[in-house]
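Colleague: Structure file data_2.cif (mmCIF, C-alpha atoms and all ligand atoms; chains and numbers go by the auth columns) is given on the next line.
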```cif
data_query
#
loop_
_atom_site.group_PDB
_atom_site.id
_atom_site.type_symbol
_atom_site.label_atom_id
_atom_site.label_comp_id
_atom_site.label_asym_id
_atom_site.label_seq_id
_atom_site.Cartn_x
_atom_site.Cartn_y
_atom_site.Cartn_z
_atom_site.B_iso_or_equiv
_atom_site.auth_seq_id
_atom_site.auth_asym_id
ATOM 1 C CA MET A 1 16.594 -8.376 10.126 0.00 1 X
ATOM 2 C CA GLY A 2 15.665 -12.046 10.422 0.00 2 X
ATOM 3 C CA PHE A 3 18.064 -14.911 9.900 0.00 3 X
ATOM 4 C CA TRP A 4 15.663 -16.481 7.423 0.00 4 X
ATOM 5 C CA SER A 5 15.742 -13.571 5.008 0.00 5 X
ATOM 6 C CA ARG A 6 19.537 -13.402 4.905 0.00 6 X
ATOM 7 C CA GLU A 7 19.801 -17.134 4.315 0.00 7 X
ATOM 8 C CA LYS A 8 17.401 -17.528 1.458 0.00 8 X
ATOM 9 C CA THR A 9 18.041 -14.683 -0.939 0.00 9 X
ATOM 10 C CA ASN A 10 20.674 -12.619 -2.523 0.00 10 X
ATOM 11 C CA ILE A 11 19.222 -9.207 -2.031 0.00 11 X
ATOM 12 C CA ASP A 12 21.543 -6.297 -1.433 0.00 12 X
ATOM 13 C CA TYR A 13 20.531 -4.732 1.872 0.00 13 X
ATOM 14 C CA THR A 14 22.323 -1.517 1.000 0.00 14 X
ATOM 15 C CA LYS A 15 20.196 -0.947 -2.113 0.00 15 X
ATOM 16 C CA LEU A 16 16.686 -1.543 -0.904 0.00 16 X
ATOM 17 C CA PRO A 17 13.747 0.222 -2.515 0.00 17 X
ATOM 18 C CA ARG A 18 12.882 3.084 -0.166 0.00 18 X
ATOM 19 C CA HIS A 19 9.175 3.114 -0.958 0.00 19 X
ATOM 20 C CA ILE A 20 7.115 0.114 -2.111 0.00 20 X
ATOM 21 C CA GLY A 21 3.508 0.230 -3.317 0.00 21 X
ATOM 22 C CA VAL A 22 1.334 -2.893 -3.243 0.00 22 X
ATOM 23 C CA ILE A 23 -1.992 -3.586 -4.941 0.00 23 X
ATOM 24 C CA MET A 24 -3.413 -6.276 -2.659 0.00 24 X
ATOM 25 C CA ASP A 25 -5.336 -8.162 -5.337 0.00 25 X
ATOM 26 C CA GLY A 26 -6.778 -11.641 -5.572 0.00 26 X
ATOM 27 C CA ASN A 27 -8.570 -12.076 -2.247 0.00 27 X
ATOM 28 C CA GLY A 28 -11.843 -13.012 -3.934 0.00 28 X
ATOM 29 C CA ARG A 29 -10.262 -15.609 -6.222 0.00 29 X
ATOM 30 C CA TRP A 30 -8.286 -17.057 -3.310 0.00 30 X
ATOM 31 C CA ALA A 31 -11.536 -17.588 -1.390 0.00 31 X
ATOM 32 C CA LYS A 32 -13.396 -18.967 -4.408 0.00 32 X
ATOM 33 C CA LYS A 33 -10.692 -21.573 -5.012 0.00 33 X
ATOM 34 C CA ARG A 34 -11.297 -22.844 -1.491 0.00 34 X
ATOM 35 C CA GLY A 35 -15.095 -22.679 -1.624 0.00 35 X
ATOM 36 C CA LEU A 36 -15.055 -19.887 0.968 0.00 36 X
ATOM 37 C CA PRO A 37 -16.990 -16.599 0.983 0.00 37 X
ATOM 38 C CA ARG A 38 -15.137 -13.574 -0.437 0.00 38 X
ATOM 39 C CA SER A 39 -15.091 -12.070 3.063 0.00 39 X
ATOM 40 C CA MET A 40 -12.700 -14.830 4.137 0.00 40 X
ATOM 41 C CA GLY A 41 -10.386 -13.862 1.302 0.00 41 X
ATOM 42 C CA HIS A 42 -10.289 -10.312 2.623 0.00 42 X
ATOM 43 C CA ARG A 43 -9.737 -11.568 6.173 0.00 43 X
ATOM 44 C CA TYR A 44 -6.727 -13.626 5.083 0.00 44 X
ATOM 45 C CA GLY A 45 -5.614 -10.684 2.964 0.00 45 X
ATOM 46 C CA ALA A 46 -5.589 -8.501 6.074 0.00 46 X
ATOM 47 C CA GLN A 47 -3.434 -11.120 7.854 0.00 47 X
ATOM 48 C CA THR A 48 -1.021 -11.063 4.934 0.00 48 X
ATOM 49 C CA LEU A 49 -0.859 -7.283 5.196 0.00 49 X
ATOM 50 C CA LYS A 50 0.188 -7.538 8.844 0.00 50 X
ATOM 51 C CA LYS A 51 2.912 -10.071 8.081 0.00 51 X
ATOM 52 C CA ILE A 52 4.248 -8.148 5.101 0.00 52 X
ATOM 53 C CA THR A 53 4.207 -4.864 7.046 0.00 53 X
ATOM 54 C CA LEU A 54 6.313 -6.349 9.821 0.00 54 X
ATOM 55 C CA PHE A 55 8.653 -7.954 7.335 0.00 55 X
ATOM 56 C CA CYS A 56 9.185 -4.729 5.354 0.00 56 X
ATOM 57 C CA ASP A 57 9.806 -2.818 8.586 0.00 57 X
ATOM 58 C CA GLU A 58 12.332 -5.459 9.609 0.00 58 X
ATOM 59 C CA LEU A 59 14.081 -5.235 6.222 0.00 59 X
ATOM 60 C CA GLY A 60 14.418 -1.471 6.544 0.00 60 X
ATOM 61 C CA ILE A 61 11.929 -0.289 3.926 0.00 61 X
ATOM 62 C CA GLU A 62 11.017 3.333 4.692 0.00 62 X
ATOM 63 C CA VAL A 63 7.464 3.458 3.310 0.00 63 X
ATOM 64 C CA LEU A 64 4.947 0.796 2.297 0.00 64 X
ATOM 65 C CA THR A 65 1.799 2.078 0.563 0.00 65 X
ATOM 66 C CA VAL A 66 -0.996 -0.455 0.161 0.00 66 X
ATOM 67 C CA TYR A 67 -4.211 -0.214 -1.854 0.00 67 X
ATOM 68 C CA ALA A 68 -7.014 -1.372 0.451 0.00 68 X
ATOM 69 C CA PHE A 69 -10.090 0.312 -1.049 0.00 69 X
ATOM 70 C CA SER A 70 -10.337 2.217 -4.293 0.00 70 X
ATOM 71 C CA THR A 71 -12.718 4.999 -5.296 0.00 71 X
ATOM 72 C CA GLU A 72 -14.287 2.362 -7.588 0.00 72 X
ATOM 73 C CA ASN A 73 -14.753 -0.307 -4.887 0.00 73 X
ATOM 74 C CA TRP A 74 -18.051 1.295 -3.743 0.00 74 X
ATOM 75 C CA LYS A 75 -19.552 -0.428 -6.809 0.00 75 X
ATOM 76 C CA ARG A 76 -19.226 -3.803 -5.088 0.00 76 X
ATOM 77 C CA PRO A 77 -22.274 -5.358 -3.394 0.00 77 X
ATOM 78 C CA LYS A 78 -23.172 -3.535 -0.170 0.00 78 X
ATOM 79 C CA SER A 79 -22.484 -6.661 1.895 0.00 79 X
ATOM 80 C CA GLU A 80 -18.891 -6.792 0.601 0.00 80 X
ATOM 81 C CA VAL A 81 -18.330 -3.064 1.183 0.00 81 X
ATOM 82 C CA ASP A 82 -19.725 -3.425 4.740 0.00 82 X
ATOM 83 C CA ASN A 83 -17.479 -6.405 5.319 0.00 83 X
ATOM 84 C CA LEU A 84 -14.407 -4.503 4.146 0.00 84 X
ATOM 85 C CA MET A 85 -15.328 -1.579 6.422 0.00 85 X
ATOM 86 C CA SER A 86 -15.698 -3.793 9.475 0.00 86 X
ATOM 87 C CA LEU A 87 -12.422 -5.524 8.659 0.00 87 X
ATOM 88 C CA LEU A 88 -10.816 -2.126 8.396 0.00 88 X
ATOM 89 C CA MET A 89 -12.173 -1.078 11.805 0.00 89 X
ATOM 90 C CA GLU A 90 -10.867 -4.292 13.308 0.00 90 X
ATOM 91 C CA TYR A 91 -7.511 -3.851 11.624 0.00 91 X
ATOM 92 C CA LEU A 92 -7.103 -0.278 12.803 0.00 92 X
ATOM 93 C CA SER A 93 -8.187 -0.937 16.361 0.00 93 X
ATOM 94 C CA ASN A 94 -5.729 -3.835 16.686 0.00 94 X
ATOM 95 C CA ALA A 95 -3.000 -2.100 14.772 0.00 95 X
ATOM 96 C CA GLU A 96 -1.406 -0.186 17.615 0.00 96 X
ATOM 97 C CA GLN A 97 -0.986 -3.366 19.609 0.00 97 X
ATOM 98 C CA GLU A 98 0.054 -5.563 16.705 0.00 98 X
ATOM 99 C CA LEU A 99 2.135 -3.170 14.645 0.00 99 X
ATOM 100 C CA GLY A 100 2.747 -0.183 16.912 0.00 100 X
ATOM 101 C CA GLY A 101 4.931 -2.242 19.209 0.00 101 X
ATOM 102 C CA LYS A 102 7.079 -2.727 16.127 0.00 102 X
ATOM 103 C CA ASN A 103 7.339 1.004 15.676 0.00 103 X
ATOM 104 C CA VAL A 104 5.271 1.305 12.506 0.00 104 X
ATOM 105 C CA VAL A 105 3.675 4.686 11.716 0.00 105 X
ATOM 106 C CA ILE A 106 0.184 4.191 10.270 0.00 106 X
ATOM 107 C CA LYS A 107 -1.306 6.741 7.896 0.00 107 X
ATOM 108 C CA ILE A 108 -4.513 6.563 5.952 0.00 108 X
ATOM 109 C CA ILE A 109 -4.474 8.210 2.544 0.00 109 X
ATOM 110 C CA GLY A 110 -7.441 8.914 0.286 0.00 110 X
ATOM 111 C CA ASP A 111 -10.674 10.878 0.343 0.00 111 X
ATOM 112 C CA LEU A 112 -11.977 10.165 3.818 0.00 112 X
ATOM 113 C CA SER A 113 -15.037 12.386 3.504 0.00 113 X
ATOM 114 C CA SER A 114 -17.209 9.438 2.418 0.00 114 X
ATOM 115 C CA PHE A 115 -16.532 7.386 5.550 0.00 115 X
ATOM 116 C CA SER A 116 -18.743 7.262 8.636 0.00 116 X
ATOM 117 C CA ASP A 117 -17.837 9.329 11.719 0.00 117 X
ATOM 118 C CA GLU A 118 -17.047 6.094 13.523 0.00 118 X
ATOM 119 C CA ILE A 119 -14.472 5.082 10.925 0.00 119 X
ATOM 120 C CA ARG A 120 -12.983 8.571 10.757 0.00 120 X
ATOM 121 C CA GLU A 121 -12.599 8.649 14.542 0.00 121 X
ATOM 122 C CA GLN A 122 -10.859 5.284 14.522 0.00 122 X
ATOM 123 C CA ILE A 123 -8.549 6.482 11.733 0.00 123 X
ATOM 124 C CA ASN A 124 -7.618 9.570 13.796 0.00 124 X
ATOM 125 C CA LYS A 125 -7.051 7.474 16.866 0.00 125 X
ATOM 126 C CA THR A 126 -4.767 4.988 15.119 0.00 126 X
ATOM 127 C CA GLU A 127 -2.819 7.736 13.376 0.00 127 X
ATOM 128 C CA LYS A 128 -2.353 9.629 16.652 0.00 128 X
ATOM 129 C CA LEU A 129 -1.292 6.499 18.513 0.00 129 X
ATOM 130 C CA THR A 130 1.417 5.678 16.003 0.00 130 X
ATOM 131 C CA GLU A 131 2.557 9.120 14.842 0.00 131 X
ATOM 132 C CA LYS A 132 5.565 9.255 17.171 0.00 132 X
ATOM 133 C CA ASN A 133 6.846 5.862 16.104 0.00 133 X
ATOM 134 C CA THR A 134 10.132 5.945 14.252 0.00 134 X
ATOM 135 C CA GLY A 135 9.953 2.842 12.048 0.00 135 X
ATOM 136 C CA MET A 136 8.432 2.245 8.641 0.00 136 X
ATOM 137 C CA VAL A 137 5.475 4.318 7.462 0.00 137 X
ATOM 138 C CA LEU A 138 2.493 2.206 6.385 0.00 138 X
ATOM 139 C CA ASN A 139 0.182 4.227 4.127 0.00 139 X
ATOM 140 C CA ILE A 140 -3.166 2.490 3.794 0.00 140 X
ATOM 141 C CA ALA A 141 -4.967 3.835 0.717 0.00 141 X
ATOM 142 C CA LEU A 142 -8.712 4.015 1.335 0.00 142 X
ATOM 143 C CA ASN A 143 -11.257 5.482 -1.016 0.00 143 X
ATOM 144 C CA TYR A 144 -8.132 6.265 -2.960 0.00 144 X
ATOM 145 C CA GLY A 145 -7.832 6.957 -6.673 0.00 145 X
ATOM 146 C CA GLY A 146 -4.731 8.307 -8.365 0.00 146 X
ATOM 147 C CA ARG A 147 -6.719 10.657 -10.597 0.00 147 X
ATOM 148 C CA ASP A 148 -8.790 11.847 -7.653 0.00 148 X
ATOM 149 C CA GLU A 149 -5.575 12.525 -5.746 0.00 149 X
ATOM 150 C CA ILE A 150 -4.239 14.668 -8.621 0.00 150 X
ATOM 151 C CA VAL A 151 -7.543 16.564 -8.908 0.00 151 X
ATOM 152 C CA ASN A 152 -7.407 17.259 -5.156 0.00 152 X
ATOM 153 C CA ALA A 153 -3.854 18.486 -5.448 0.00 153 X
ATOM 154 C CA VAL A 154 -4.744 20.808 -8.347 0.00 154 X
ATOM 155 C CA ARG A 155 -7.677 22.241 -6.397 0.00 155 X
ATOM 156 C CA ALA A 156 -5.523 22.869 -3.343 0.00 156 X
ATOM 157 C CA ILE A 157 -2.800 24.501 -5.450 0.00 157 X
ATOM 158 C CA VAL A 158 -5.326 26.815 -7.140 0.00 158 X
ATOM 159 C CA LYS A 159 -6.861 27.702 -3.760 0.00 159 X
ATOM 160 C CA SER A 160 -3.442 28.445 -2.289 0.00 160 X
ATOM 161 C CA GLY A 161 -3.031 31.277 -4.798 0.00 161 X
ATOM 162 C CA ILE A 162 0.410 30.154 -6.012 0.00 162 X
ATOM 163 C CA PRO A 163 1.010 31.936 -9.360 0.00 163 X
ATOM 164 C CA ALA A 164 0.492 29.501 -12.250 0.00 164 X
ATOM 165 C CA ASP A 165 4.010 30.024 -13.594 0.00 165 X
ATOM 166 C CA SER A 166 5.519 29.013 -10.268 0.00 166 X
ATOM 167 C CA VAL A 167 3.795 25.634 -10.195 0.00 167 X
ATOM 168 C CA ASN A 168 6.258 22.851 -10.953 0.00 168 X
ATOM 169 C CA GLU A 169 6.536 19.113 -10.296 0.00 169 X
ATOM 170 C CA ASP A 170 7.739 19.682 -6.729 0.00 170 X
ATOM 171 C CA THR A 171 4.654 21.799 -6.048 0.00 171 X
ATOM 172 C CA VAL A 172 2.382 18.977 -7.187 0.00 172 X
ATOM 173 C CA ASP A 173 4.365 16.451 -5.128 0.00 173 X
ATOM 174 C CA LYS A 174 3.796 18.532 -2.028 0.00 174 X
ATOM 175 C CA TYR A 175 0.042 18.480 -2.481 0.00 175 X
ATOM 176 C CA LEU A 176 -0.311 14.732 -2.945 0.00 176 X
ATOM 177 C CA TYR A 177 -1.288 12.388 -0.108 0.00 177 X
ATOM 178 C CA THR A 178 2.250 11.009 -0.229 0.00 178 X
ATOM 179 C CA ALA A 179 3.880 14.418 0.347 0.00 179 X
ATOM 180 C CA GLY A 180 7.136 14.007 2.200 0.00 180 X
ATOM 181 C CA ASN A 181 7.541 10.330 1.299 0.00 181 X
ATOM 182 C CA PRO A 182 10.469 9.189 -0.835 0.00 182 X
ATOM 183 C CA PRO A 183 9.648 8.371 -4.501 0.00 183 X
ATOM 184 C CA VAL A 184 7.881 5.068 -5.108 0.00 184 X
ATOM 185 C CA ASP A 185 10.653 2.743 -6.321 0.00 185 X
ATOM 186 C CA LEU A 186 8.701 -0.460 -6.742 0.00 186 X
ATOM 187 C CA ILE A 187 5.038 -1.335 -7.321 0.00 187 X
ATOM 188 C CA ILE A 188 3.932 -4.904 -6.708 0.00 188 X
ATOM 189 C CA ARG A 189 0.725 -6.405 -8.054 0.00 189 X
ATOM 190 C CA PRO A 190 -0.049 -10.033 -7.370 0.00 190 X
ATOM 191 C CA SER A 191 -2.933 -12.084 -8.819 0.00 191 X
ATOM 192 C CA GLY A 192 -1.920 -12.047 -12.469 0.00 192 X
ATOM 193 C CA GLU A 193 -3.389 -8.660 -13.423 0.00 193 X
ATOM 194 C CA CYS A 194 -0.915 -6.353 -15.135 0.00 194 X
ATOM 195 C CA ARG A 195 -2.347 -2.891 -14.704 0.00 195 X
ATOM 196 C CA LEU A 196 -2.158 -0.062 -12.192 0.00 196 X
ATOM 197 C CA SER A 197 -5.914 0.421 -11.649 0.00 197 X
ATOM 198 C CA ASN A 198 -5.609 4.094 -10.700 0.00 198 X
ATOM 199 C CA PHE A 199 -2.947 3.468 -8.022 0.00 199 X
ATOM 200 C CA LEU A 200 -0.200 6.074 -7.428 0.00 200 X
ATOM 201 C CA LEU A 201 -0.493 7.457 -10.964 0.00 201 X
ATOM 202 C CA TRP A 202 1.730 10.478 -10.426 0.00 202 X
ATOM 203 C CA GLN A 203 4.176 8.667 -8.166 0.00 203 X
ATOM 204 C CA CYS A 204 4.679 5.680 -10.502 0.00 204 X
ATOM 205 C CA ALA A 205 6.456 7.747 -13.203 0.00 205 X
ATOM 206 C CA TYR A 206 9.777 5.956 -12.607 0.00 206 X
ATOM 207 C CA SER A 207 8.680 3.023 -10.468 0.00 207 X
ATOM 208 C CA GLU A 208 9.683 -0.489 -11.399 0.00 208 X
ATOM 209 C CA LEU A 209 6.597 -2.698 -11.761 0.00 209 X
ATOM 210 C CA TRP A 210 6.521 -6.285 -10.492 0.00 210 X
ATOM 211 C CA PHE A 211 3.686 -8.658 -11.328 0.00 211 X
ATOM 212 C CA SER A 212 3.087 -12.192 -10.146 0.00 212 X
ATOM 213 C CA ASN A 213 0.333 -14.809 -10.352 0.00 213 X
ATOM 214 C CA VAL A 214 0.333 -15.415 -6.603 0.00 214 X
ATOM 215 C CA LEU A 215 -2.935 -14.329 -4.958 0.00 215 X
ATOM 216 C CA TRP A 216 -2.550 -11.726 -2.196 0.00 216 X
ATOM 217 C CA PRO A 217 -3.522 -13.982 0.753 0.00 217 X
ATOM 218 C CA ASP A 218 -0.724 -16.369 -0.340 0.00 218 X
ATOM 219 C CA PHE A 219 1.842 -13.593 -0.784 0.00 219 X
ATOM 220 C CA ASP A 220 4.664 -14.124 1.702 0.00 220 X
ATOM 221 C CA LYS A 221 8.210 -13.097 2.590 0.00 221 X
ATOM 222 C CA LYS A 222 9.711 -15.050 -0.272 0.00 222 X
ATOM 223 C CA HIS A 223 7.593 -13.188 -2.837 0.00 223 X
ATOM 224 C CA MET A 224 8.616 -9.880 -1.304 0.00 224 X
ATOM 225 C CA LEU A 225 12.272 -10.877 -1.422 0.00 225 X
ATOM 226 C CA ARG A 226 11.893 -12.036 -5.027 0.00 226 X
ATOM 227 C CA ALA A 227 10.298 -8.709 -5.990 0.00 227 X
ATOM 228 C CA ILE A 228 13.140 -6.812 -4.299 0.00 228 X
ATOM 229 C CA ALA A 229 15.784 -9.013 -5.940 0.00 229 X
ATOM 230 C CA ASP A 230 14.199 -8.447 -9.386 0.00 230 X
ATOM 231 C CA TYR A 231 14.027 -4.718 -8.703 0.00 231 X
ATOM 232 C CA GLN A 232 17.715 -4.698 -7.841 0.00 232 X
ATOM 233 C CA ASN A 233 18.562 -6.520 -11.067 0.00 233 X
ATOM 234 C CA ARG A 234 16.903 -3.877 -13.209 0.00 234 X
ATOM 235 C CA ASN A 235 18.787 -1.016 -14.688 0.00 235 X
ATOM 236 C CA ARG A 236 17.038 2.199 -13.712 0.00 236 X
ATOM 237 C CA ARG A 237 17.969 4.919 -16.162 0.00 237 X
ATOM 238 C CA TYR A 238 15.315 7.593 -15.518 0.00 238 X
ATOM 239 C CA GLY A 239 15.292 8.503 -19.195 0.00 239 X
ATOM 240 C CA GLY A 240 19.091 8.634 -19.432 0.00 240 X
ATOM 241 C CA VAL A 241 21.353 6.106 -21.155 0.00 241 X
HETATM 242 C C1 LIG B . -8.761 -6.920 -4.130 0.00 1 E
HETATM 243 O O1 LIG B . -9.104 -8.285 -4.197 0.00 1 E
HETATM 244 C C2 LIG B . -8.765 -6.515 -2.770 0.00 1 E
HETATM 245 C C3 LIG B . -9.537 -5.541 -2.228 0.00 1 E
HETATM 246 C C4 LIG B . -10.530 -4.764 -2.990 0.00 1 E
HETATM 247 C C5 LIG B . -9.456 -5.233 -0.815 0.00 1 E
HETATM 248 C C6 LIG B . -8.090 -5.294 -0.204 0.00 1 E
HETATM 249 C C7 LIG B . -8.260 -5.469 1.232 0.00 1 E
HETATM 250 C C8 LIG B . -7.510 -6.255 2.039 0.00 1 E
HETATM 251 C C9 LIG B . -6.294 -6.954 1.616 0.00 1 E
HETATM 252 C C10 LIG B . -7.855 -6.481 3.430 0.00 1 E
HETATM 253 C C11 LIG B . -8.334 -5.354 4.149 0.00 1 E
HETATM 254 C C12 LIG B . -7.306 -4.375 4.432 0.00 1 E
HETATM 255 C C13 LIG B . -7.349 -3.663 5.533 0.00 1 E
HETATM 256 C C14 LIG B . -6.413 -2.552 5.759 0.00 1 E
HETATM 257 C C15 LIG B . -8.319 -4.008 6.550 0.00 1 E
HETATM 258 P P1 LIG B . -10.429 -8.699 -4.955 0.00 1 E
HETATM 259 O O2 LIG B . -11.530 -8.752 -3.978 0.00 1 E
HETATM 260 O O3 LIG B . -10.642 -7.753 -6.104 0.00 1 E
HETATM 261 O O4 LIG B . -10.049 -10.117 -5.455 0.00 1 E
HETATM 262 P P2 LIG B . -10.485 -10.786 -6.833 0.00 1 E
HETATM 263 O O5 LIG B . -9.951 -9.927 -7.933 0.00 1 E
HETATM 264 O O6 LIG B . -9.821 -12.121 -6.770 0.00 1 E
HETATM 265 O O7 LIG B . -11.980 -10.875 -6.817 0.00 1 E
#
```
Take the structure in the file and write it out as structure tokens.
Modeller:
Amino acid sequence: MGFWSREKTNIDYTKLPRHIGVIMDGNGRWAKKRGLPRSMGHRYGAQTLKKITLFCDELGIEVLTVYAFSTENWKRPKSEVDNLMSLLMEYLSNAEQELGGKNVVIKIIGDLSSFSDEIREQINKTEKLTEKNTGMVLNIALNYGGRDEIVNAVRAIVKSGIPADSVNEDTVDKYLYTAGNPPVDLIIRPSGECRLSNFLLWQCAYSELWFSNVLWPDFDKKHMLRAIADYQNRNRRYGGV
């Protein structure tokens, strides 16, 4: 872990959140404020993702799940969707070199059936290249929706023939995209919006939520440390007293 992070905050490194979810919001507004096209906001947002991924891995976070493209984002103008797809291709093809060396395992979660063969091949390639890494897992949520994820899980459970009375919360957990990951302890949403927007709906049951006005491209190590420090100052009771 870097010298910088130890110096500047009072976080307890023995009580880190195991799994953090991030809604990477505010790229468009960041670009607008600078008179730049929205695509530049996404480009800077992708840079921020790289930095924050490396930082979380360095801190010892086990899983980072980021919302990169929602099931609703197809409603954006075609040029913006195309731009996000090409940014994604670029990100994935550079990822092994830029993140893999740091031991990050990259997984894509979401309904991938709507993506082109080219994108699906690149996803497979990146996942294969990083699957033996032993560091943090980076789940990139693409064409992801929390409700869609639950519907998928229900379908798979019904198809599996498990008797209805045997289905419990653990069964559902096992059929979600995040199966095998620790519970989501902390969800971060920058950009001033205070809602979940269909992100990790099942998994957020006991997550702490952290909101900030900072726009995603400006989000840096100090915001992450602040979010973790606030999380550690909360009293998680899980319905108890
Ligand atoms: C929300 O900001 C952001 C998105 C819909 C895309 C998130 C994508 C990235 C951070 C970069 C791409 C990631 C990868 C993995 C390549 P917004 O556009 O809704 O911003 P606004 O609310 O200010 O308009």
Colleague: Please determine, counting only C-alpha atoms, which residue among X:Gly110, X:Gly192, X:Gly45, X:Gly135 has the shortest atom-to-atom distance to Asn152 (chain X).
Modeller: X:Gly110
Colleague: Around the point (11.7, -9.0, -5.2) (coordinates from the file), which residues reach within 10 Å if we count all atoms listed in the file? Answer as a list in words.
Modeller: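 Result, sorted by chain then residue number: Thr9, Ile11, Leu16, Pro17, Leu186, Ile188, Trp210, Lys221, Lys222, His223, Met224, Leu225, Arg226, Ala227, Ile228, Ala229, Asp230, Tyr231, Gln232 and Asn233 of chain X.
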Colleague: List as an MDAnalysis selection string the residues having at least one atom at most 6 Å from position (-1.0, 9.7, 0.7) as given in the file, counting all atoms listed in the file.
Modeller: chainID X and resid 109 177:178
Colleague: I'd like the neighbourhood of Pro37 (chain X) as a PDB file with C-alpha atoms, keeping the file's coordinate frame, where a residue qualifies if any of its atoms comes within 12 Å (using all atoms listed in the file), though same-chain residues fewer than 4 positions away should be ignored.
Modeller:
```pdb
ATOM      1  CA  ASN X  27      -8.570 -12.076  -2.247  1.00  0.00           C
ATOM      2  CA  GLY X  28     -11.843 -13.012  -3.934  1.00  0.00           C
ATOM      3  CA  ARG X  29     -10.262 -15.609  -6.222  1.00  0.00           C
ATOM      4  CA  TRP X  30      -8.286 -17.057  -3.310  1.00  0.00           C
ATOM      5  CA  ALA X  31     -11.536 -17.588  -1.390  1.00  0.00           C
ATOM      6  CA  LYS X  32     -13.396 -18.967  -4.408  1.00  0.00           C
ATOM      7  CA  LYS X  33     -10.692 -21.573  -5.012  1.00  0.00           C
ATOM      8  CA  GLY X  41     -10.386 -13.862   1.302  1.00  0.00           C
ATOM      9  CA  HIS X  42     -10.289 -10.312   2.623  1.00  0.00           C
ATOM     10  CA  ARG X  43      -9.737 -11.568   6.173  1.00  0.00           C
ATOM     11  CA  TYR X  44      -6.727 -13.626   5.083  1.00  0.00           C
ATOM     12  CA  SER X  79     -22.484  -6.661   1.895  1.00  0.00           C
ATOM     13  CA  GLU X  80     -18.891  -6.792   0.601  1.00  0.00           C
ATOM     14  CA  ASN X  83     -17.479  -6.405   5.319  1.00  0.00           C
TER      15      ASN X  83
END
```
Colleague: Could you tell me which of X:Glu121, X:Asp148, X:Asp111, X:Glu72 comes closest to ligand LIG 1 (chain E) if we count all atoms listed in the file?
Modeller: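 Closest residue, counting all atoms listed in the file: X:Glu72.
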Colleague: With distances taken over all atoms listed in the file, which of X:Asn168, X:Ser197, X:Ser116, X:Ser191 is nearest to ligand LIG 1 (chain E)?
Modeller: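 Smallest separation from ligand LIG 1 (chain E) among the options: X:Ser191.
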Colleague: Give the residues close to ligand LIG 1 (chain E), within 8 Å, counting all atoms listed in the file; write them as an MDAnalysis selection string.
Modeller: chainID X and resid 23:31 38 41:49 67:70 73 84:92 140 191 215:217
Colleague: Any idea what the distance is between CA of Met40 (chain X) and CA of Ser113 (chain X)?
Modeller: 27.3 Å
Colleague: May I ask which of the residues X:Gln122, X:Leu54, X:Phe199, X:Leu209 is the closest one to Arg234 (chain X), counting only C-alpha atoms?
Modeller: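 Using only C-alpha atoms, Arg234 (chain X) sits closest to X:Leu209.
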Colleague: One decimal, in Å: what's the spacing between CA of Asp12 (chain X) and CA of Asn133 (chain X)?
Modeller: 25.9 Å
Colleague: Under the rule that only C-alpha atoms are counted, which of X:Glu169, X:Thr130, X:Tyr175, X:Leu138 is the nearest residue to Ala153 (chain X)?
Modeller: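 Smallest separation from Ala153 (chain X) among the options: X:Tyr175.
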Colleague: Taking the file as I've supplied it (selection: the PyMOL selection byres (((chain X and resi 19) around 10) and not hetatm)), which residues are included? Please answer as a ChimeraX atom specification.
Modeller: /X:16-18,20-21,61-65,136-138,181-187,207
Colleague: CA of Val66 (chain X) and CA of Lys51 (chain X), how far apart in Å?
Modeller: 13.1 Å
Colleague: Restricting the calculation to all atoms listed in the file: of X:Leu176, X:Leu59, X:Ala205, X:Asn213, which residue gets closest to Glu193 (chain X)?
Modeller: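 Of all the options, X:Asn213 lies closest to Glu193 (chain X).
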Colleague: Provide region 215-221 of chain X of the preceding structure as a file containing N, CA, C and O atoms, as a PDB file, in the first residue's frame.
Modeller:
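New file selection-v4.pdb:
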```
ATOM      1  N   LEU X 215     -17.689  14.819  -9.650  1.00  0.00           N
ATOM      2  CA  LEU X 215     -18.055  14.132 -10.894  1.00  0.00           C
ATOM      3  C   LEU X 215     -17.028  13.012 -11.136  1.00  0.00           C
ATOM      4  O   LEU X 215     -15.849  13.163 -10.805  1.00  0.00           O
ATOM      5  N   TRP X 216     -17.476  11.898 -11.702  1.00  0.00           N
ATOM      6  CA  TRP X 216     -16.616  10.711 -11.778  1.00  0.00           C
ATOM      7  C   TRP X 216     -15.208  10.981 -12.343  1.00  0.00           C
ATOM      8  O   TRP X 216     -14.223  10.527 -11.763  1.00  0.00           O
ATOM      9  N   PRO X 217     -15.059  11.749 -13.430  1.00  0.00           N
ATOM     10  CA  PRO X 217     -13.686  11.944 -13.928  1.00  0.00           C
ATOM     11  C   PRO X 217     -12.771  12.622 -12.903  1.00  0.00           C
ATOM     12  O   PRO X 217     -11.547  12.476 -12.963  1.00  0.00           O
ATOM     13  N   ASP X 218     -13.353  13.364 -11.954  1.00  0.00           N
ATOM     14  CA  ASP X 218     -12.544  14.029 -10.916  1.00  0.00           C
ATOM     15  C   ASP X 218     -12.371  13.166  -9.666  1.00  0.00           C
ATOM     16  O   ASP X 218     -11.703  13.583  -8.714  1.00  0.00           O
ATOM     17  N   PHE X 219     -13.007  12.026  -9.628  1.00  0.00           N
ATOM     18  CA  PHE X 219     -12.957  11.171  -8.436  1.00  0.00           C
ATOM     19  C   PHE X 219     -11.527  10.642  -8.302  1.00  0.00           C
ATOM     20  O   PHE X 219     -10.946  10.132  -9.252  1.00  0.00           O
ATOM     21  N   ASP X 220     -10.938  10.786  -7.126  1.00  0.00           N
ATOM     22  CA  ASP X 220      -9.555  10.307  -6.986  1.00  0.00           C
ATOM     23  C   ASP X 220      -9.362   9.546  -5.675  1.00  0.00           C
ATOM     24  O   ASP X 220     -10.335   9.269  -4.954  1.00  0.00           O
ATOM     25  N   LYS X 221      -8.109   9.243  -5.377  1.00  0.00           N
ATOM     26  CA  LYS X 221      -7.792   8.429  -4.196  1.00  0.00           C
ATOM     27  C   LYS X 221      -8.384   9.022  -2.923  1.00  0.00           C
ATOM     28  O   LYS X 221      -8.868   8.302  -2.060  1.00  0.00           O
TER      29      LYS X 221
END
```
